[in-house]
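*Asks:* Sharing run.cif below, mmCIF, C-alpha atoms and all ligand atoms:
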data_model
#
loop_
_atom_site.label_atom_id
_atom_site.label_comp_id
_atom_site.auth_asym_id
_atom_site.auth_seq_id
_atom_site.Cartn_x
_atom_site.Cartn_y
_atom_site.Cartn_z
CA MET L 1 206.73 56.99 241.53
CA SER L 2 208.33 59.43 243.90
CA ILE L 3 211.88 58.85 245.06
CA LYS L 4 213.36 60.48 248.13
CA ASN L 5 216.04 62.94 247.08
CA THR L 6 219.30 61.57 248.39
CA LYS L 7 221.59 64.09 246.73
CA GLY L 8 225.33 63.88 246.74
CA LEU L 9 226.11 60.26 245.75
CA THR L 10 227.80 61.33 242.53
CA GLU L 11 230.08 63.83 244.28
CA ARG L 12 230.80 61.65 247.29
CA ASP L 13 231.62 58.71 245.01
CA SER L 14 234.69 60.36 243.49
CA LYS L 15 236.37 60.78 246.86
CA HIS L 16 237.17 57.08 247.37
CA LEU L 17 235.77 54.93 244.59
CA TRP L 18 237.50 53.47 241.52
CA HIS L 19 235.14 52.24 238.77
CA PRO L 20 235.48 49.39 236.24
CA TYR L 21 236.70 50.17 232.69
CA THR L 22 236.91 53.87 233.58
CA GLN L 23 239.50 56.54 232.85
CA HIS L 24 238.64 58.75 235.80
CA LYS L 25 240.36 61.80 234.36
CA THR L 26 238.09 62.00 231.33
CA ALA L 27 234.97 60.00 232.22
CA ALA L 28 231.68 61.62 233.21
CA LYS L 29 230.80 61.24 236.88
CA PRO L 30 228.75 58.11 237.64
CA ILE L 31 225.00 58.37 238.05
CA GLY L 32 223.81 57.65 241.61
CA ILE L 33 221.07 55.01 241.43
CA VAL L 34 218.73 54.76 244.42
CA LYS L 35 216.05 52.33 243.29
CA GLY L 36 215.29 49.59 240.81
CA GLU L 37 211.99 47.93 239.97
CA GLY L 38 211.27 45.70 237.00
CA ALA L 39 213.05 47.11 233.95
CA LEU L 40 213.38 50.56 235.54
CA LEU L 41 216.01 52.36 237.61
CA TRP L 42 215.81 55.76 239.30
CA ASP L 43 218.67 58.10 240.07
CA GLU L 44 219.15 60.32 243.10
CA ASN L 45 217.34 63.20 241.42
CA GLY L 46 214.30 61.06 240.64
CA LYS L 47 215.13 60.64 236.95
CA GLU L 48 213.87 57.37 235.48
CA TYR L 49 215.91 55.04 233.23
CA ILE L 50 215.00 51.94 231.28
CA ASP L 51 217.65 49.31 231.90
CA ALA L 52 217.86 48.12 228.29
CA ILE L 53 221.01 46.04 228.87
CA ALA L 54 219.81 44.26 232.04
CA SER L 55 222.66 45.85 234.02
CA TRP L 56 225.43 44.23 232.00
CA TRP L 57 223.32 41.18 231.09
CA VAL L 58 222.72 39.92 234.63
CA ASN L 59 219.10 40.78 235.29
CA PRO L 60 216.48 38.77 233.36
CA TYR L 61 213.53 38.93 235.78
CA GLY L 62 213.63 42.58 236.75
CA HIS L 63 215.16 44.63 239.53
CA SER L 64 214.11 44.02 243.14
CA ASN L 65 212.20 40.90 242.10
CA LYS L 66 210.07 39.80 245.06
CA HIS L 67 210.23 36.06 244.40
CA VAL L 68 214.02 36.15 244.37
CA ALA L 69 214.24 38.58 247.30
CA ASP L 70 211.99 36.36 249.43
CA ALA L 71 214.09 33.29 248.65
CA ILE L 72 217.25 35.18 249.61
CA TYR L 73 215.72 36.46 252.83
CA LYS L 74 214.50 32.99 253.77
CA GLN L 75 217.96 31.55 253.14
CA LEU L 76 219.72 34.37 254.99
CA THR L 77 217.63 33.69 258.07
CA SER L 78 218.16 29.92 258.07
CA LEU L 79 221.72 29.36 256.80
CA GLU L 80 223.44 32.38 255.27
CA HIS L 81 226.80 30.71 254.67
CA VAL L 82 228.87 27.71 255.59
CA LEU L 83 232.28 26.69 254.29
CA PHE L 84 232.11 24.23 251.36
CA GLY L 85 235.36 22.46 252.21
CA GLY L 86 234.26 19.33 254.07
CA PHE L 87 230.64 20.53 254.29
CA THR L 88 227.64 20.71 252.01
CA HIS L 89 224.10 22.09 252.18
CA GLU L 90 220.68 21.76 250.65
CA PRO L 91 220.72 24.82 248.34
CA ALA L 92 223.91 23.62 246.60
CA VAL L 93 222.70 20.01 246.32
CA VAL L 94 219.28 21.00 244.99
CA LEU L 95 220.78 23.54 242.59
CA SER L 96 223.13 20.91 241.15
CA GLU L 97 220.18 18.53 240.68
CA LYS L 98 218.05 21.20 238.98
CA LEU L 99 220.88 22.34 236.72
CA VAL L 100 221.69 18.81 235.58
CA GLU L 101 218.06 18.53 234.42
CA ILE L 102 218.45 21.51 232.06
CA LEU L 103 222.14 21.34 231.07
CA PRO L 104 223.36 19.41 228.02
CA SER L 105 223.31 15.73 229.06
CA SER L 106 227.12 15.43 229.11
CA GLN L 107 227.42 17.96 231.96
CA LYS L 108 227.39 15.99 235.19
CA LYS L 109 229.77 17.68 237.64
CA MET L 110 229.97 21.26 238.80
CA PHE L 111 232.39 23.53 240.59
CA PHE L 112 231.32 26.79 242.23
CA SER L 113 233.15 30.10 242.18
CA ASP L 114 232.32 33.79 242.39
CA ASN L 115 232.06 35.40 238.94
CA GLY L 116 232.36 34.81 235.22
CA SER L 117 236.12 35.28 235.19
CA THR L 118 236.68 32.71 237.92
CA ALA L 119 234.34 30.27 236.16
CA VAL L 120 236.63 30.59 233.12
CA GLU L 121 239.75 30.44 235.28
CA VAL L 122 238.56 27.13 236.74
CA ALA L 123 237.74 25.71 233.28
CA ILE L 124 241.18 26.56 231.91
CA LYS L 125 242.98 25.24 234.99
CA VAL L 126 240.98 22.00 234.79
CA ALA L 127 241.90 21.54 231.12
CA LEU L 128 245.59 22.17 231.78
CA GLN L 129 245.76 20.03 234.91
CA TYR L 130 243.81 17.19 233.31
CA TYR L 131 246.67 16.72 230.85
CA PHE L 132 249.30 17.41 233.53
CA ASN L 133 247.77 14.64 235.65
CA LYS L 134 247.95 12.31 232.65
CA GLY L 135 251.58 13.26 232.03
CA GLU L 136 250.74 14.63 228.60
CA LYS L 137 252.23 17.96 227.55
CA ARG L 138 249.38 20.18 226.39
CA THR L 139 249.91 23.69 227.71
CA LYS L 140 248.23 25.99 225.21
CA ILE L 141 244.66 27.14 224.73
CA LEU L 142 242.65 28.05 221.63
CA ALA L 143 240.24 31.00 221.64
CA PHE L 144 238.41 33.19 219.17
CA GLU L 145 239.60 36.57 217.98
CA GLU L 146 237.78 39.42 219.74
CA ALA L 147 236.71 37.01 222.47
CA PHE L 148 235.91 38.17 225.97
CA HIS L 149 236.20 35.74 228.86
CA GLY L 150 236.90 38.00 231.84
CA ASP L 151 239.66 39.95 233.55
CA THR L 152 241.55 37.53 235.81
CA PHE L 153 244.80 36.22 234.30
CA ALA L 154 243.77 33.05 232.48
CA ALA L 155 240.43 34.58 231.46
CA MET L 156 242.27 37.68 230.24
CA ALA L 157 244.70 35.55 228.26
CA ALA L 158 241.74 33.92 226.51
CA SER L 159 240.26 37.34 225.73
CA GLY L 160 241.15 38.83 222.39
CA ILE L 161 240.16 42.46 222.79
CA SER L 162 243.65 43.89 222.87
CA PHE L 163 243.34 47.06 224.93
CA PHE L 164 241.83 45.04 227.77
CA THR L 165 244.96 42.88 227.96
CA GLU L 166 247.92 44.70 226.41
CA ALA L 167 249.68 45.66 229.66
CA PHE L 168 249.89 42.02 230.77
CA LYS L 169 251.02 40.30 227.59
CA GLY L 170 254.20 38.76 229.00
CA SER L 171 252.48 37.13 231.97
CA LEU L 172 249.70 35.14 230.35
CA VAL L 173 248.84 31.54 229.50
CA GLU L 174 249.70 30.93 225.85
CA VAL L 175 246.58 31.37 223.74
CA VAL L 176 246.36 31.08 219.97
CA ARG L 177 243.49 32.75 218.07
CA VAL L 178 240.96 31.16 215.80
CA PRO L 179 238.93 33.38 213.40
CA VAL L 180 235.26 33.70 214.40
CA PRO L 181 233.12 31.71 211.93
CA VAL L 182 230.85 34.60 211.00
CA LYS L 183 229.21 34.46 207.60
CA GLY L 184 231.88 33.95 204.93
CA GLU L 185 234.61 33.03 207.45
CA GLU L 186 233.45 29.50 208.30
CA GLU L 187 235.98 27.73 206.08
CA LYS L 188 238.90 29.82 207.29
CA SER L 189 237.91 29.24 210.92
CA LEU L 190 237.57 25.49 210.41
CA ALA L 191 240.86 25.20 208.52
CA THR L 192 242.68 27.13 211.28
CA ILE L 193 241.36 24.99 214.09
CA LYS L 194 242.09 21.78 212.16
CA LYS L 195 245.70 22.78 211.69
CA LEU L 196 246.20 23.86 215.30
CA ALA L 197 244.27 21.05 217.01
CA ALA L 198 246.23 18.45 215.07
CA THR L 199 249.52 19.59 216.67
CA GLY L 200 248.50 18.00 220.00
CA GLU L 201 249.75 21.09 221.88
CA TYR L 202 246.36 22.41 222.92
CA ALA L 203 244.47 21.46 226.08
CA ALA L 204 241.27 23.35 225.32
CA PHE L 205 239.29 25.57 222.99
CA ILE L 206 237.22 28.24 224.74
CA PHE L 207 234.45 30.17 222.99
CA GLU L 208 231.36 32.27 223.56
CA PRO L 209 228.71 30.09 221.88
CA LEU L 210 226.82 31.84 219.03
CA VAL L 211 227.16 35.38 220.42
CA GLN L 212 230.34 37.26 221.36
CA GLY L 213 228.94 39.71 223.88
CA ALA L 214 231.70 42.18 224.67
CA ALA L 215 232.84 42.27 221.04
CA GLY L 216 229.46 43.87 220.34
CA MET L 217 227.06 40.93 220.01
CA VAL L 218 228.93 39.36 217.10
CA MET L 219 226.83 36.37 215.98
CA TYR L 220 227.59 33.16 214.09
CA GLU L 221 225.71 29.98 213.22
CA PRO L 222 225.38 26.83 215.36
CA GLN L 223 226.44 24.64 212.44
CA ALA L 224 229.79 26.46 212.24
CA LEU L 225 230.44 25.91 215.94
CA ASP L 226 229.38 22.25 215.69
CA ASN L 227 232.09 21.76 213.10
CA LEU L 228 234.78 23.35 215.28
CA ILE L 229 233.77 21.30 218.31
CA LYS L 230 233.87 18.08 216.26
CA VAL L 231 237.45 18.81 215.20
CA CYS L 232 238.44 19.44 218.84
CA LYS L 233 236.87 16.15 219.94
CA GLU L 234 238.81 14.32 217.26
CA TYR L 235 242.14 15.68 218.57
CA GLY L 236 241.56 15.57 222.34
CA VAL L 237 241.13 19.33 222.72
CA PHE L 238 238.54 19.99 225.43
CA THR L 239 235.81 22.45 224.46
CA ILE L 240 234.73 25.13 226.93
CA ALA L 241 231.44 26.90 226.22
CA ASP L 242 231.59 30.21 228.06
CA GLU L 243 227.86 30.80 228.57
CA VAL L 244 228.41 33.52 231.16
CA MET L 245 226.53 35.98 228.92
CA THR L 246 224.41 33.66 226.77
CA GLY L 247 223.09 31.38 229.53
CA PHE L 248 219.61 31.29 231.04
CA GLY L 249 217.44 32.26 228.11
CA LYS L 250 219.24 35.14 226.36
CA THR L 251 219.44 33.32 223.03
CA GLY L 252 215.82 32.10 223.17
CA LYS L 253 216.83 28.66 224.49
CA ILE L 254 218.03 28.03 228.04
CA PHE L 255 221.62 27.76 226.82
CA ALA L 256 223.16 28.74 223.51
CA CYS L 257 224.60 25.19 223.43
CA ASP L 258 221.03 23.92 223.10
CA TYR L 259 221.25 25.00 219.43
CA LEU L 260 224.17 22.62 218.83
CA THR L 261 224.13 18.98 217.76
CA VAL L 262 227.32 18.22 219.71
CA GLU L 263 228.02 19.04 223.34
CA PRO L 264 230.92 20.92 224.93
CA ASP L 265 233.10 19.32 227.62
CA MET L 266 232.75 22.26 230.01
CA MET L 267 230.41 25.19 230.49
CA CYS L 268 230.86 28.46 232.39
CA LEU L 269 227.82 30.05 234.00
CA SER L 270 227.41 33.31 235.90
CA LYS L 271 225.74 36.71 235.24
CA ALA L 272 222.02 35.74 235.09
CA LEU L 273 222.66 32.60 237.19
CA THR L 274 221.52 34.33 240.39
CA ALA L 275 218.81 36.44 238.75
CA GLY L 276 221.04 39.50 238.90
CA THR L 277 221.46 39.52 242.68
CA ILE L 278 224.45 37.79 244.26
CA PRO L 279 227.85 37.23 242.60
CA MET L 280 228.23 33.51 241.93
CA ALA L 281 229.44 31.27 239.12
CA ILE L 282 229.52 27.61 238.20
CA THR L 283 231.80 25.67 235.89
CA THR L 284 230.28 22.39 234.72
CA PHE L 285 232.10 19.28 233.47
CA THR L 286 231.73 15.87 231.92
CA GLU L 287 232.41 12.77 234.04
CA GLU L 288 235.57 12.24 231.98
CA LEU L 289 237.09 15.52 233.18
CA PHE L 290 236.19 14.81 236.80
CA GLU L 291 237.76 11.36 236.55
CA GLY L 292 241.03 12.92 235.40
CA PHE L 293 241.39 14.24 238.97
CA TYR L 294 239.89 11.24 240.82
CA ASP L 295 242.82 9.33 242.25
CA ASP L 296 244.45 8.01 245.42
CA ASP L 297 247.13 10.62 244.87
CA ILE L 298 246.15 13.91 246.56
CA ASN L 299 248.39 15.82 244.15
CA LYS L 300 245.97 15.01 241.36
CA ALA L 301 243.12 16.89 243.09
CA LEU L 302 241.95 20.28 241.89
CA PHE L 303 243.56 22.64 244.39
CA HIS L 304 241.31 25.53 243.65
CA GLY L 305 238.67 27.17 245.82
CA HIS L 306 237.19 30.42 246.99
CA THR L 307 236.15 31.39 250.49
CA PHE L 308 232.52 31.85 249.46
CA THR L 309 232.35 28.76 247.22
CA ALA L 310 228.72 27.63 246.82
CA ASN L 311 227.40 30.32 249.16
CA PRO L 312 223.92 29.06 250.22
CA THR L 313 222.33 32.48 249.73
CA GLY L 314 223.65 32.66 246.17
CA CYS L 315 222.37 29.13 245.53
CA ALA L 316 218.93 30.09 246.89
CA ALA L 317 218.87 33.08 244.53
CA ALA L 318 219.83 30.83 241.61
CA LEU L 319 217.07 28.35 242.47
CA ALA L 320 214.49 31.15 242.64
CA GLY L 321 215.77 32.46 239.30
CA LEU L 322 215.44 29.02 237.69
CA GLU L 323 211.85 28.75 238.91
CA LEU L 324 211.08 32.03 237.15
CA LEU L 325 212.97 31.10 233.97
CA LEU L 326 211.05 27.85 233.55
CA THR L 327 207.56 29.39 233.84
CA ASP L 328 205.36 29.60 230.73
CA GLU L 329 205.12 33.31 231.35
CA MET L 330 208.88 33.76 231.02
CA LYS L 331 209.02 31.60 227.89
CA ALA L 332 206.27 33.78 226.42
CA ASN L 333 208.35 36.86 227.27
CA LEU L 334 211.32 35.47 225.34
CA THR L 335 209.15 34.84 222.29
CA ARG L 336 207.49 38.25 222.55
CA ILE L 337 210.78 40.19 222.78
CA ASN L 338 212.33 38.19 219.94
CA ALA L 339 209.34 39.00 217.69
CA SER L 340 209.53 42.71 218.59
CA HIS L 341 213.26 42.79 217.85
CA LEU L 342 212.68 41.23 214.43
CA ASP L 343 210.03 43.84 213.61
CA PHE L 344 212.35 46.59 214.80
CA ILE L 345 215.31 45.53 212.69
CA ALA L 346 213.10 45.15 209.63
CA GLU L 347 212.26 48.81 210.16
CA ILE L 348 215.72 50.26 210.88
CA GLU L 349 217.42 48.19 208.21
CA LYS L 350 215.87 50.60 205.71
CA HIS L 351 218.16 53.35 206.98
CA PRO L 352 221.08 53.70 204.54
CA ARG L 353 223.70 53.80 207.30
CA VAL L 354 222.40 50.82 209.30
CA ILE L 355 224.22 47.58 208.52
CA ASN L 356 224.55 44.03 209.90
CA ALA L 357 221.31 44.08 211.88
CA ARG L 358 220.97 40.79 213.75
CA VAL L 359 218.81 39.10 216.36
CA LEU L 360 219.09 36.00 218.49
CA GLY L 361 216.61 35.50 221.31
CA VAL L 362 216.33 38.73 223.29
CA ILE L 363 219.62 40.04 221.90
CA MET L 364 219.52 42.47 219.00
CA ALA L 365 222.35 44.49 217.51
CA PHE L 366 223.18 46.54 214.47
CA GLU L 367 226.03 48.66 213.24
CA ILE L 368 226.22 52.19 212.00
CA GLU L 369 228.34 52.55 208.93
CA ARG L 370 231.08 55.07 209.60
CA ASP L 371 233.80 56.70 207.60
CA GLY L 372 236.52 56.26 210.18
CA ASN L 373 237.35 53.32 212.36
CA GLU L 374 235.25 53.60 215.48
CA SER L 375 237.14 52.67 218.61
CA TYR L 376 235.50 50.74 221.44
CA TYR L 377 235.20 53.74 223.76
CA GLY L 378 235.60 56.45 221.08
CA ASP L 379 233.87 59.85 220.64
CA PHE L 380 231.08 58.57 218.42
CA ARG L 381 230.25 55.86 220.94
CA ASN L 382 230.26 58.41 223.77
CA LYS L 383 227.92 60.71 221.85
CA LEU L 384 225.45 57.85 221.41
CA TYR L 385 225.81 56.75 225.03
CA ASN L 386 225.16 60.27 226.32
CA PHE L 387 222.16 60.69 224.04
CA PHE L 388 220.62 57.49 225.40
CA ILE L 389 221.25 58.49 229.01
CA GLU L 390 219.77 61.96 228.46
CA ASN L 391 216.68 60.25 227.07
CA GLY L 392 216.37 57.88 230.01
CA VAL L 393 217.59 54.69 228.35
CA ILE L 394 220.63 52.72 229.50
CA LEU L 395 222.45 51.34 226.47
CA ARG L 396 226.21 50.92 226.10
CA PRO L 397 227.19 50.99 222.43
CA VAL L 398 230.42 49.21 221.51
CA GLY L 399 232.18 51.48 219.02
CA ASN L 400 229.66 51.82 216.20
CA ILE L 401 227.56 48.86 217.38
CA ILE L 402 224.30 49.47 219.19
CA TYR L 403 222.76 46.54 220.97
CA ILE L 404 219.71 45.92 223.15
CA LEU L 405 219.48 43.12 225.69
CA PRO L 406 216.55 43.93 227.98
CA PRO L 407 215.28 42.13 231.08
CA TYR L 408 212.78 39.51 229.91
CA ILE L 409 209.97 41.15 231.90
CA ILE L 410 210.23 44.48 230.06
CA SER L 411 206.77 45.63 228.93
CA ASN L 412 205.95 46.26 225.28
CA GLU L 413 205.48 49.89 226.14
CA LEU L 414 208.98 50.31 227.59
CA LEU L 415 210.54 48.26 224.81
CA THR L 416 208.88 50.52 222.25
CA LYS L 417 210.32 53.51 224.09
CA VAL L 418 213.81 51.98 223.82
CA TYR L 419 213.32 51.47 220.07
CA ASP L 420 212.04 55.04 219.67
CA VAL L 421 215.08 56.50 221.43
CA VAL L 422 217.38 54.36 219.26
CA LYS L 423 215.60 55.56 216.11
CA GLN L 424 215.89 59.15 217.32
CA ALA L 425 219.62 58.64 217.89
CA ILE L 426 220.03 57.35 214.35
CA ASP L 427 218.16 60.35 212.99
CA GLU L 428 219.87 62.98 215.09
CA ILE L 429 223.44 61.72 215.48
CA VAL L 430 224.19 59.59 212.45
C1 LIG C 1 231.08 39.06 231.57
C2 LIG C 1 231.71 37.87 230.99
C3 LIG C 1 232.75 37.20 231.66
C4 LIG C 1 233.35 37.71 232.93
O1 LIG C 1 232.44 37.69 233.98
P1 LIG C 1 232.72 38.58 235.28
O2 LIG C 1 231.63 38.19 236.22
O3 LIG C 1 232.64 40.00 234.84
O4 LIG C 1 234.07 38.23 235.78
C5 LIG C 1 233.26 36.05 231.09
N1 LIG C 1 232.78 35.59 229.93
C6 LIG C 1 231.79 36.20 229.26
C7 LIG C 1 231.30 35.61 227.98
C8 LIG C 1 231.23 37.37 229.76
O5 LIG C 1 230.27 37.99 229.09
#
Would you give me this structure, written as structure tokens?
Ligand SMILES: *Cc1c(COP(=O)(O)O)cnc(C)c1O
*Replies:*
Amino acid sequence: MSIKNTKGLTERDSKHLWHPYTQHKTAAKPIGIVKGEGALLWDENGKEYIDAIASWWVNPYGHSNKHVADAIYKQLTSLEHVLFGGFTHEPAVVLSEKLVEILPSSQKKMFFSDNGSTAVEVAIKVALQYYFNKGEKRTKILAFEEAFHGDTFAAMAASGISFFTEAFKGSLVEVVRVPVPVKGEEEKSLATIKKLAATGEYAAFIFEPLVQGAAGMVMYEPQALDNLIKVCKEYGVFTIADEVMTGFGKTGKIFACDYLTVEPDMMCLSKALTAGTIPMAITTFTEELFEGFYDDDINKALFHGHTFTANPTGCAAALAGLELLLTDEMKANLTRINASHLDFIAEIEKHPRVINARVLGVIMAFEIERDGNESYYGDFRNKLYNFFIENGVILRPVGNIIYILPPYIISNELLTKVYDVVKQAIDEIV
């Protein structure tokens, strides 16, 4: 594949642009990407990369997917946008109908916003205002340690990765931490939530179901989460499943909550929702939550909204993405990648420094045993990252954790190349 040489993006970028999670003084210059197709990306010099993290977990069906692009084009040329205050449109109505078919049966209402953080923001505001409307004083939130729920204020408050949030400590919603029920910690986690929930001070418990993405794909069992949710239900603490990362097939089922025997009160969806194209998010609710705002008194309404709420083009992209997700072909891809991951970890687990190898759906992760404490964006992590980039594979290790979360359409050949580069990194760097 030949790519026109459009030199200069990297240099021109630094004149005006400010990048996410980047210390510009010390970071390497960004790579100028000019094309994406399937699981591949090309930079301005024609170098090819395998997108082994689906561009931050958003892209399940491949870059520049024609089915999705056609749906977007069709929508853009019939109704690109209309305000959602006082108006509605077919893409939003149909999307709500399709989602209700695949969501846990308790989820009946949905509210649109623009990204994962706003989906969380809406969920937390709804929990707090529900109790405010009822005249009950519940102003605190429960969340896991090392959680990540986004970067707006309420989402940041719920996030437990300290260097993301340290500068804003004094200005946040009050959040109390619950230990993650990873193997061996289940009892401690359950005891903590029992004690806290029983105080009646908490409006909600927010969690990343089964996999904590930004913490480095930390995994725990459905049974453990079931138990925590049951306690919350007993004490009137609403449960918020933040499926922004896990949603739409990543865990092998459509939602991570599909592994549970109990259902959450709210769910947050974004990232893969629009097949990796247009920023959009949805928070879903039970009827009970909606009814907490349904009143003759206008003050009890949810006074939240965004200019582009339920953008028809975003909805059209989401509908096209759902069509792809529900095909037999895509289900076969999920099974295929999961089986490959399991074979791969069986192999690397033999390495003396590889520990905690784990797989759920298309997500695989393992840790490299280190002498020192590896920081999130530390030197060791950077060495690994640079090695992967030099070898044409996009992976973003978290400290000493390496994870792979490829687009579902990745071929066996490309997936094998990703594994080979990871093995090489273990041999050469560790
Ligand atoms: C990425 C992520 C968010 C934040 O989404 P943005 O679109 O980046 O605001 C929230 N929750 C989880 C679990 C995420 O992975």
*Asks:* Pick the closest to ligand LIG 1 (chain C) from L:Gly216, L:Val182, L:Lys66, L:Leu83: which is it, counting all atoms listed in the file?
*Replies:*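 Once distances to ligand LIG 1 (chain C) are computed over all atoms listed in the file, the minimum belongs to L:Gly216.
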*Asks:* Could you work out how far atom CA of L:Leu269 lies from atom O1 of ligand LIG 1 (chain C), giving the answer in Å with one decimal?
*Replies:*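 Computed distance, atom O1 of ligand LIG 1 (chain C) to atom CA of L:Leu269, equals 8.9 Å.
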*Asks:* What do you get as a ChimeraX atom specification if you pick all residues at most 7 Å from ligand LIG 1 (chain C), counting all atoms listed in the file?
*Replies:* /L:115-118,120,148-151,208,212-214,242-245,270-271
*Asks:* For the selection just defined, write its residues with C-alpha atoms to a file, as a PDB file, in the coordinates of the input.
*Replies:*
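Output (part_25.pdb):
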ATOM      1  CA  ASN L 115     232.060  35.400 238.940  1.00  0.00           C
ATOM      2  CA  GLY L 116     232.360  34.810 235.220  1.00  0.00           C
ATOM      3  CA  SER L 117     236.120  35.280 235.190  1.00  0.00           C
ATOM      4  CA  THR L 118     236.680  32.710 237.920  1.00  0.00           C
ATOM      5  CA  VAL L 120     236.630  30.590 233.120  1.00  0.00           C
ATOM      6  CA  PHE L 148     235.910  38.170 225.970  1.00  0.00           C
ATOM      7  CA  HIS L 149     236.200  35.740 228.860  1.00  0.00           C
ATOM      8  CA  GLY L 150     236.900  38.000 231.840  1.00  0.00           C
ATOM      9  CA  ASP L 151     239.660  39.950 233.550  1.00  0.00           C
ATOM     10  CA  GLU L 208     231.360  32.270 223.560  1.00  0.00           C
ATOM     11  CA  GLN L 212     230.340  37.260 221.360  1.00  0.00           C
ATOM     12  CA  GLY L 213     228.940  39.710 223.880  1.00  0.00           C
ATOM     13  CA  ALA L 214     231.700  42.180 224.670  1.00  0.00           C
ATOM     14  CA  ASP L 242     231.590  30.210 228.060  1.00  0.00           C
ATOM     15  CA  GLU L 243     227.860  30.800 228.570  1.00  0.00           C
ATOM     16  CA  VAL L 244     228.410  33.520 231.160  1.00  0.00           C
ATOM     17  CA  MET L 245     226.530  35.980 228.920  1.00  0.00           C
ATOM     18  CA  SER L 270     227.410  33.310 235.900  1.00  0.00           C
ATOM     19  CA  LYS L 271     225.740  36.710 235.240  1.00  0.00           C
TER      20      LYS L 271
END
*Asks:* Find the residues near stretch 393-397 of chain L: any atom within 9 Å, counting only C-alpha atoms, skip ones fewer than 6 places away on the same chain, and give them as a list in words.
*Replies:* Glu48, Tyr49, Ile50, Asp51, Ala52, Ile53, Ala54, Ser55, Trp56, Gly216, Tyr376, Tyr377, Arg381, Asn382, Leu384, Tyr385, Phe387, Tyr403, Ile404, Leu405, Lys417, Val418 and Val421 of chain L
*Asks:* Atom CA of L:His89 and atom CA of L:Gln75, how far apart in Å?
*Replies:*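 Interatomic distance here is 11.3 Å.
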*Asks:* Give one line per residue of stretch 196-220 of chain L that approaches stretch 131-140 of chain L to at most 12 Å, naming the two atoms of the closest pair and their distance in Å to one decimal, counting all atoms listed in the file; sort by chain then ascending residue number and deliver it as a Markdown table.
*Replies:*
| residue | atom | partner | partner_atom | distance |
| --- | --- | --- | --- | --- |
| L:Leu196 | CA | L:Lys140 | CA | 10.3 |
| L:Ala197 | CA | L:Lys140 | CA | 10.4 |
| L:Ala198 | CA | L:Arg138 | CA | 11.9 |
| L:Thr199 | CA | L:Arg138 | CA | 9.7 |
| L:Gly200 | CA | L:Arg138 | CA | 6.8 |
| L:Glu201 | CA | L:Arg138 | CA | 4.6 |
| L:Tyr202 | CA | L:Lys140 | CA | 4.6 |
| L:Ala203 | CA | L:Arg138 | CA | 5.1 |
| L:Ala204 | CA | L:Lys140 | CA | 7.4 |
| L:Phe205 | CA | L:Lys140 | CA | 9.2 |
| L:Ile206 | CA | L:Lys140 | CA | 11.2 |
*Asks:* Report, as AutoDock Vina command-line options, the centre and edge lengths in Å (one decimal) of the axis-aligned box enclosing every listed atom of stretch 105-115 of chain L, padded by 5 Å on each side.
*Replies:*
--center_x 228.2 --center_y 25.4 --center_z 235.7 --size_x 19.8 --size_y 30.0 --size_z 23.3
*Asks:* Tell me, as a PDB file with C-alpha atoms, in the coordinates of the input, which residues lie within 10 Å of L:Tyr408, counting all atoms listed in the file; anything in the same chain fewer than 2 positions away does not count.
*Replies:*
ATOM      1  CA  GLY L  38     211.270  45.700 237.000  1.00  0.00           C
ATOM      2  CA  ALA L  39     213.050  47.110 233.950  1.00  0.00           C
ATOM      3  CA  ALA L  54     219.810  44.260 232.040  1.00  0.00           C
ATOM      4  CA  ASN L  59     219.100  40.780 235.290  1.00  0.00           C
ATOM      5  CA  PRO L  60     216.480  38.770 233.360  1.00  0.00           C
ATOM      6  CA  TYR L  61     213.530  38.930 235.780  1.00  0.00           C
ATOM      7  CA  GLY L  62     213.630  42.580 236.750  1.00  0.00           C
ATOM      8  CA  GLY L 249     217.440  32.260 228.110  1.00  0.00           C
ATOM      9  CA  LYS L 250     219.240  35.140 226.360  1.00  0.00           C
ATOM     10  CA  LEU L 325     212.970  31.100 233.970  1.00  0.00           C
ATOM     11  CA  GLU L 329     205.120  33.310 231.350  1.00  0.00           C
ATOM     12  CA  MET L 330     208.880  33.760 231.020  1.00  0.00           C
ATOM     13  CA  LYS L 331     209.020  31.600 227.890  1.00  0.00           C
ATOM     14  CA  ALA L 332     206.270  33.780 226.420  1.00  0.00           C
ATOM     15  CA  ASN L 333     208.350  36.860 227.270  1.00  0.00           C
ATOM     16  CA  LEU L 334     211.320  35.470 225.340  1.00  0.00           C
ATOM     17  CA  THR L 335     209.150  34.840 222.290  1.00  0.00           C
ATOM     18  CA  ARG L 336     207.490  38.250 222.550  1.00  0.00           C
ATOM     19  CA  ILE L 337     210.780  40.190 222.780  1.00  0.00           C
ATOM     20  CA  VAL L 362     216.330  38.730 223.290  1.00  0.00           C
ATOM     21  CA  LEU L 405     219.480  43.120 225.690  1.00  0.00           C
ATOM     22  CA  PRO L 406     216.550  43.930 227.980  1.00  0.00           C
ATOM     23  CA  ILE L 410     210.230  44.480 230.060  1.00  0.00           C
ATOM     24  CA  SER L 411     206.770  45.630 228.930  1.00  0.00           C
TER      25      SER L 411
END
*Asks:* Measuring atom to atom with all atoms listed in the file, identify which of L:Ile254, L:Pro20, L:Ala147, L:Ser340 is nearest to L:Val180.
*Replies:* L:Ala147
*Asks:* Just to confirm, what's the straight-line distance from atom CA of L:Ala425 to atom CA of L:Gly392 in Å (one decimal)?
*Replies:* 12.6 Å
*Asks:* Have a look at L:Phe207, L:Phe153, L:Phe293, L:Tyr259 and name the one nearest to L:Pro222; count only C-alpha atoms.
*Replies:*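 The shortest atom-to-atom distance to L:Pro222 comes from L:Tyr259.
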